[in-house]
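The structure appears below as structure tokens.
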Amino acid sequence: MFLQINPLQYNLITLTLRMKFYIFCAALLCTGLYASAQTPDDALRNAWFTPGGSARSLGIGGAMGSLGGDISANNINPAGTGLIRTKEVVFSPGFMLNSNSANYRGTGANTSGNGFAYGSTGITLGGPTQGNTFNSFTFSFSFTQLANYNNHVHYKGTNNLSSYSEQFLEELARDHASPSAALGNYVFGSSLAYYTYLIDTTVQNGNLVYFGLPSPSTGLTQEVDEVTSGSYNEMSFTFAGGMNDKLFLGLSLNVPIVNYRRDVTITESDASGNPNNNFAYSTYNTSLRSSGVGLNFKLGLIYKVQDNFRLGLAIHSPSFIWYKDKMRASMITNTEKYLNSPDYPDGTVGASSDDFNSGQPGEVDYQMQTPFKAIASATYLFSPVADPRKQRGFITGDIEYTGYGGSKFMPYNSNATNDDGYYTTLNSATSDYLKGNLNVRIGGELKFDPLAFRAGFGYYSSPYRDAQLKANRLQLTGGLGYRNHGMFIDLAFVETMTKDVNFPYRLNDKPNTYANITNNRSTIILSIGFKI
């Protein structure tokens with residue numbers, strides 16, 4: 001594939017690898033390392049997840065919007081915290097089993113793994129007041145894991161439509177990059193491809209053009225291995241109060257704390273078996289470390305229409321998260337007989353971003369705005385009485401709207417006008433890629449004092465605008481509860497089935513190919529609480 005840039009009169013057909021190295025080093029002296037690598041998928045990572053919480057909440061599918069009386073309400077509807085009239089402390093450790101099935105261009109692959117998880121852990125202080133307006137007041141502090149990023153995706157298949165090298169060709173052609181810029185300005189991607197001769201230059205009709213050595217027409221075997229880890233956590237400070245045991249209002253101030261790690265290896269090899277077509281294989285490794293801290297607030301109310309019927313409404317503001325990303329990349333390419341260099345007799349060339357950055361990763365600071373949420377809820381209680389030990393159960397449900405397409409990226413420094421164009425383009429792509437959608441949660445409990453039996457269901461619809469991208473999340477949950485003598489123990493089992501897509505790379509000039517991923521995640525959460 002050939003891509004033309006500006007008509008510069010370069011004759012670089014016989015440029016040697018050592019000359020490329022000199023140009024690379026010289027370019028680094030006059031240009032900075034631009035490590036911005038945010039994508040619309042990063043926006044989705046911070047928004048499309050099922051709510052975490054205590055075992056009681058998870059056992060009923062996370063439908064805590066109008067039920068209340070549990071520390072999980074801090075992250076769903078803070079008004080529900082106002083229904084806790086005692087002082088209690090909760091711990092919620094857990095464990096997760098994870099498996100993936102991937103299909104890429106007709107070829108399947110499976111991976112599995114496991115890890116620790118946790119729900120809501122914290123303290124709640126509630127009780128009556130002497131006020132005329134509010135007859136009860138509750139303060140709660142909790143730390144909750146809302147998303148667990150531990151995952152391993154692997155897939156492999158034959159592609160005769162495109163090569164992953166074409167993304168680098170597009171980038172250089174878009175920027176009208178000179179050879180020195182190609183070697184120095186894109187050290188986490190295109191520069192590595194140019195340095196290792198995955199792509200090269202030639203002159204056609206007096207114009208310098210870039211071309212890639214891999215030939216999709218003869219078939220390319222592509223293999224992707226992606227390992228992610230980390231979690232999205234929220235530290236919550238909640239204030240709630242009840243008015244005549246009828247209307248409950250709540251406000252939570254929340255601090256998202258995010259740690260994310262992603263290691264991806266893409267290997268592309270010649271499927272034809274021809275040892276004389278100037279391409280054998282190329283392996284591209286990227287490593288991202290991302291950490292962030294932010295701020296958001298949640299407002300909510302619960303109204304008791306009757307003793308046995310409650311309505312709830314909650315609004316979640318966008319989270320404003322300040323991120324620091326660190327990125328490294330490396331590439332190895334075997335060009336068979338294309339290179340005529342005694343330094344590389346077998347045609348294999350390797351390069352790393354560390355080689356040209358004193359062994360340090362590229363860093364970028366930026367801000368992110370997550371989408372807002374609105375939750376409407378209803379709860380029906382069986383045999384409602386003041387004494388919770390004599391209650392016979394309930395059924396409850398939430399309908400949640402999340403505006404995924406409203407996610408935005410911004411420069412860390414508001415005066416950094418040099419990045420405005422990059423983030424404007426990124427935000428436009430995010431809005432075109434994602435849309436708002438409805439999620440539904442339903443759960444219930446039957447109680448036979450001191451035991452309770454729980455079950456729940458959740459459905460999270462596709463966040464993608466393109467209907468061809470099949471994605472959704474289905475949750476089936478169950479749980480047990482025990483309450484007696486100021487102690488409670490809850491156990492929840494959550495089976496989450498996710499259908500999603502994974503793009504190994506993206507191109508602008510032809511249809512993109514992707515893998516269909518089916519993820520099954522089994523989570524067990526145990527919550528232990530004490531009245532204090």
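Here, A, B, ... name the chains of the structure tokens in the order displayed, residue numbers run from 1 inside each chain, and ligands are numbered from 1 in the same displayed order.
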
Cut-off 9 Å: closest region 37-69 of chain A/region 126-144 of chain A atom pairs per residue, using only C-alpha atoms, as a tab-separated table:
```
residue	atom	partner	partner_atom	distance
A:Gly52	CA	A:Thr144	CA	6.6
A:Gly53	CA	A:Thr144	CA	6.3
A:Ser54	CA	A:Thr144	CA	8.5
```

Please save C-alpha atoms of the selected residues as a short mmCIF file (atom, residue, chain, number, x, y, z; two decimals), in the first residue's frame.
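Output below, filename result.cif:
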```cif
data_model
loop_
_atom_site.label_atom_id
_atom_site.label_comp_id
_atom_site.auth_asym_id
_atom_site.auth_seq_id
_atom_site.Cartn_x
_atom_site.Cartn_y
_atom_site.Cartn_z
CA GLY A 52 -20.70 -2.53 42.72
CA GLY A 53 -21.92 -2.62 46.28
CA SER A 54 -22.59 -4.78 49.31
#
```

So which residues of region 391-453 of chain A fall under helix (DSSP H, G or I) by DSSP, listed as a PDB file with C-alpha atoms, in the first residue's frame?
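Written out: selection-v8.pdb:
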```pdb
ATOM      1  CA  TYR A 404     -22.230   7.545  27.156  1.00  0.00           C
ATOM      2  CA  GLY A 405     -21.725   9.856  24.177  1.00  0.00           C
ATOM      3  CA  GLY A 406     -21.353  12.825  26.524  1.00  0.00           C
ATOM      4  CA  THR A 417      -4.077  25.526  23.520  1.00  0.00           C
ATOM      5  CA  ASN A 418      -1.681  23.335  21.525  1.00  0.00           C
ATOM      6  CA  ASP A 419      -3.784  20.280  22.394  1.00  0.00           C
ATOM      7  CA  ASP A 420      -7.167  21.850  21.600  1.00  0.00           C
ATOM      8  CA  GLY A 421      -7.331  20.420  18.092  1.00  0.00           C
ATOM      9  CA  TYR A 422      -6.446  16.909  19.284  1.00  0.00           C
ATOM     10  CA  TYR A 423      -9.106  16.854  22.001  1.00  0.00           C
ATOM     11  CA  THR A 424     -11.732  18.465  19.767  1.00  0.00           C
ATOM     12  CA  THR A 425     -11.235  15.666  17.246  1.00  0.00           C
ATOM     13  CA  LEU A 426     -11.227  13.018  19.987  1.00  0.00           C
ATOM     14  CA  ASN A 427     -14.454  14.316  21.567  1.00  0.00           C
ATOM     15  CA  SER A 428     -16.158  14.441  18.193  1.00  0.00           C
ATOM     16  CA  ALA A 429     -15.123  10.836  17.530  1.00  0.00           C
ATOM     17  CA  THR A 430     -16.406   9.803  20.966  1.00  0.00           C
ATOM     18  CA  SER A 431     -19.784  11.442  20.355  1.00  0.00           C
ATOM     19  CA  ASP A 432     -20.050   9.711  16.957  1.00  0.00           C
ATOM     20  CA  TYR A 433     -19.033   6.345  18.421  1.00  0.00           C
TER      21      TYR A 433
END
```

Checklist entry - What gap, in Å, lies between CA of Ser72 (chain A) and CA of Gly115 (chain A)? => result 22.0 Å

Can you check which parts of region 195-285 of chain A lie within 12 Å of region 312-317 of chain A? Per residue, the shortest pair of atoms and distance in Å to one decimal, counting only C-alpha atoms, sorted by chain and number, as JSON lines.
```
{"residue": "A:Lys246", "atom": "CA", "partner": "A:Gly312", "partner_atom": "CA", "distance": 12.0}
{"residue": "A:Leu247", "atom": "CA", "partner": "A:Gly312", "partner_atom": "CA", "distance": 9.9}
{"residue": "A:Phe248", "atom": "CA", "partner": "A:Gly312", "partner_atom": "CA", "distance": 9.3}
{"residue": "A:Leu249", "atom": "CA", "partner": "A:Ala314", "partner_atom": "CA", "distance": 9.9}
{"residue": "A:Gly250", "atom": "CA", "partner": "A:Ala314", "partner_atom": "CA", "distance": 9.1}
{"residue": "A:Leu251", "atom": "CA", "partner": "A:Ala314", "partner_atom": "CA", "distance": 9.7}
{"residue": "A:Ser252", "atom": "CA", "partner": "A:His316", "partner_atom": "CA", "distance": 9.5}
{"residue": "A:Leu253", "atom": "CA", "partner": "A:Ser317", "partner_atom": "CA", "distance": 10.2}
{"residue": "A:Asn254", "atom": "CA", "partner": "A:Ser317", "partner_atom": "CA", "distance": 10.2}
```

Checklist entry - Please, what distance in Å, to one decimal, runs between CA of Glu223 (chain A) and CA of Tyr155 (chain A)? => result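 These atoms are spaced 5.8 Å apart.
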
Next on the checklist: With distances taken over only C-alpha atoms, which residue among A:Gln306, A:Asn74, A:Ser330, A:Ser527 lies nearest Phe239 (chain A)?
Outcome noted: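 Among A:Gln306, A:Asn74, A:Ser330, A:Ser527, it is A:Asn74 that comes nearest to Phe239 (chain A).
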
Checklist outcome for this item: Using only C-alpha atoms, the best pick from A:Tyr186, A:Phe297, A:Tyr482, A:Phe95 as closest to Lys373 (chain A) would be A:Phe297

Checklist entry - Just asking: which residues within region 152-307 of chain A are strand (DSSP E or B) according to DSSP, as a VMD selection string? => result chain A and resid 152 to 159 199 to 204 207 to 212 220 to 243 247 to 270 281 to 306

Export C-alpha atoms of the chosen residues as a compact mmCIF listing (two decimals), in the first residue's frame?
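The resulting file, selection-v2.txt, is reproduced below:
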```txt
# COMPACT_ATOMS: atom_id res chain seq x y z
CA HIS A 152 -7.36 -11.38 29.43
CA VAL A 153 -8.45 -11.36 25.78
CA HIS A 154 -6.73 -13.38 23.07
CA TYR A 155 -7.70 -13.96 19.45
CA LYS A 156 -6.15 -14.93 16.13
CA GLY A 157 -7.25 -15.10 12.50
CA THR A 158 -6.34 -14.57 8.86
CA ASN A 159 -6.94 -11.13 7.36
CA ILE A 199 6.90 0.80 6.44
CA ASP A 200 9.38 2.60 4.20
CA THR A 201 9.69 5.39 1.62
CA THR A 202 10.17 5.52 -2.10
CA VAL A 203 9.84 8.16 -4.81
CA GLN A 204 7.11 8.00 -7.43
CA ASN A 207 6.88 12.59 -4.95
CA LEU A 208 7.93 10.97 -1.72
CA VAL A 209 5.51 8.23 -0.68
CA TYR A 210 5.31 5.84 2.25
CA PHE A 211 4.46 2.18 1.70
CA GLY A 212 4.03 -0.90 3.87
CA LEU A 220 -1.85 -12.03 6.93
CA THR A 221 -2.13 -14.00 10.15
CA GLN A 222 -2.97 -11.58 12.95
CA GLU A 223 -2.83 -12.42 16.64
CA VAL A 224 -3.79 -10.14 19.54
CA ASP A 225 -3.11 -10.69 23.22
CA GLU A 226 -4.50 -8.08 25.63
CA VAL A 227 -4.11 -8.21 29.40
CA THR A 228 -5.78 -5.57 31.57
CA SER A 229 -5.87 -5.04 35.32
CA GLY A 230 -6.87 -2.45 37.90
CA SER A 231 -10.16 -1.06 39.13
CA TYR A 232 -12.47 1.95 39.23
CA ASN A 233 -13.19 2.78 42.88
CA GLU A 234 -15.26 5.43 44.59
CA MET A 235 -14.80 6.94 48.03
CA SER A 236 -18.12 8.40 49.18
CA PHE A 237 -19.19 10.86 51.86
CA THR A 238 -22.97 10.80 52.16
CA PHE A 239 -25.40 13.01 54.07
CA ALA A 240 -29.07 12.01 54.21
CA GLY A 241 -32.14 12.90 56.21
CA GLY A 242 -35.77 11.84 56.62
CA MET A 243 -38.78 14.12 56.89
CA LEU A 247 -39.57 11.86 52.32
CA PHE A 248 -35.85 11.08 52.35
CA LEU A 249 -33.24 13.31 50.75
CA GLY A 250 -29.56 12.54 50.24
CA LEU A 251 -26.35 14.00 48.87
CA SER A 252 -23.08 12.17 48.34
CA LEU A 253 -19.73 13.71 47.51
CA ASN A 254 -17.59 11.11 45.79
CA VAL A 255 -13.93 10.76 44.87
CA PRO A 256 -13.29 8.34 41.99
CA ILE A 257 -9.89 6.65 42.27
CA VAL A 258 -8.87 4.78 39.13
CA ASN A 259 -5.91 2.54 38.38
CA TYR A 260 -5.68 0.87 35.01
CA ARG A 261 -3.02 -1.19 33.28
CA ARG A 262 -3.15 -2.52 29.72
CA ASP A 263 -0.51 -4.60 27.92
CA VAL A 264 -1.22 -5.44 24.28
CA THR A 265 0.82 -7.53 21.85
CA ILE A 266 -0.16 -7.57 18.17
CA THR A 267 1.67 -10.01 15.93
CA GLU A 268 1.21 -9.99 12.16
CA SER A 269 2.85 -12.60 9.96
CA ASP A 270 2.88 -13.59 6.32
CA TYR A 281 6.40 -11.01 10.67
CA SER A 282 6.11 -7.97 12.93
CA THR A 283 5.31 -7.79 16.64
CA TYR A 284 4.09 -4.56 18.23
CA ASN A 285 3.92 -4.23 22.03
CA THR A 286 2.26 -1.36 23.89
CA SER A 287 2.08 -0.86 27.63
CA LEU A 288 -0.21 1.71 29.28
CA ARG A 289 -0.30 2.68 32.95
CA SER A 290 -3.11 5.07 33.81
CA SER A 291 -4.00 6.53 37.19
CA GLY A 292 -6.64 9.09 38.00
CA VAL A 293 -8.48 10.83 40.79
CA GLY A 294 -11.61 12.93 40.46
CA LEU A 295 -14.77 14.33 41.95
CA ASN A 296 -18.52 13.97 41.45
CA PHE A 297 -21.73 14.30 43.41
CA LYS A 298 -25.02 12.41 43.54
CA LEU A 299 -28.42 13.72 44.57
CA GLY A 300 -31.41 11.58 45.42
CA LEU A 301 -34.82 11.33 47.00
CA ILE A 302 -37.09 8.51 48.12
CA TYR A 303 -40.78 9.11 48.78
CA LYS A 304 -43.05 6.70 50.62
CA VAL A 305 -46.31 6.93 48.68
CA GLN A 306 -47.77 4.35 51.08
```

Next on the checklist: At a cut-off of 10 Å, using only C-alpha atoms, what residues contact Ala351 (chain A)? Leave out same-chain residues fewer than 5 positions from it and give the result as a list in words.
Outcome noted: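 The residues that qualify are Val187, Ser191, Leu192, Ala193, Tyr194, Tyr195, Thr196, Tyr284, Ala329, Ser330, Met331, Ile332, Thr333 and Phe356 of chain A.
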
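Counting from CA of Asn148 (chain A), the distance to CA of Ile442 (chain A) is 22.1 Å.
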
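Near Tyr118 (chain A), within a cut-off of 6 Å and counting only C-alpha atoms, sit the residues Ser92, Pro93 and Gly94 of chain A, with same-chain residues fewer than 6 positions away left out.
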
Checklist entry - Near Ser57 (chain A), within 8 Å and counting only C-alpha atoms, which residues show up once chain neighbours fewer than 5 positions away are dropped, as an MDAnalysis selection string? => result chainID A and resid 62:64 70 72

So that I have them on file, write out the residues from the current selection with C-alpha atoms, as a compact mmCIF listing (two decimals), in the first residue's frame.
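File written: selection_6.txt
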```
# COMPACT_ATOMS: atom_id res chain seq x y z
CA GLY A 62 -28.02 -3.76 42.25
CA ALA A 63 -31.60 -2.39 42.27
CA MET A 64 -31.05 -0.13 45.27
CA ASP A 70 -27.95 -0.29 52.86
CA SER A 72 -24.60 0.65 48.76
```

Item to check | Selected residue of minimal separation from Gly458 (chain A) among A:Gly69, A:Gly61, A:Gly108, A:Pro78, counting only C-alpha atoms | outcome: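 That would be A:Gly61, the residue with the smallest distance to Gly458 (chain A).
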
Checklist entry - Residues at most 12 Å from Arg521 (chain A), counting only C-alpha atoms, excluding those fewer than 2 positions away in the same chain, as a ChimeraX atom specification? => result /A:50,95-101,111-115,117,148-152,473-477,493-499,518-519,523-524

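Here the question is which of A:Arg328, A:Arg454, A:Arg45, A:His485 gets nearest to Asp355 (chain A) using only C-alpha atoms, and that residue is A:Arg328.
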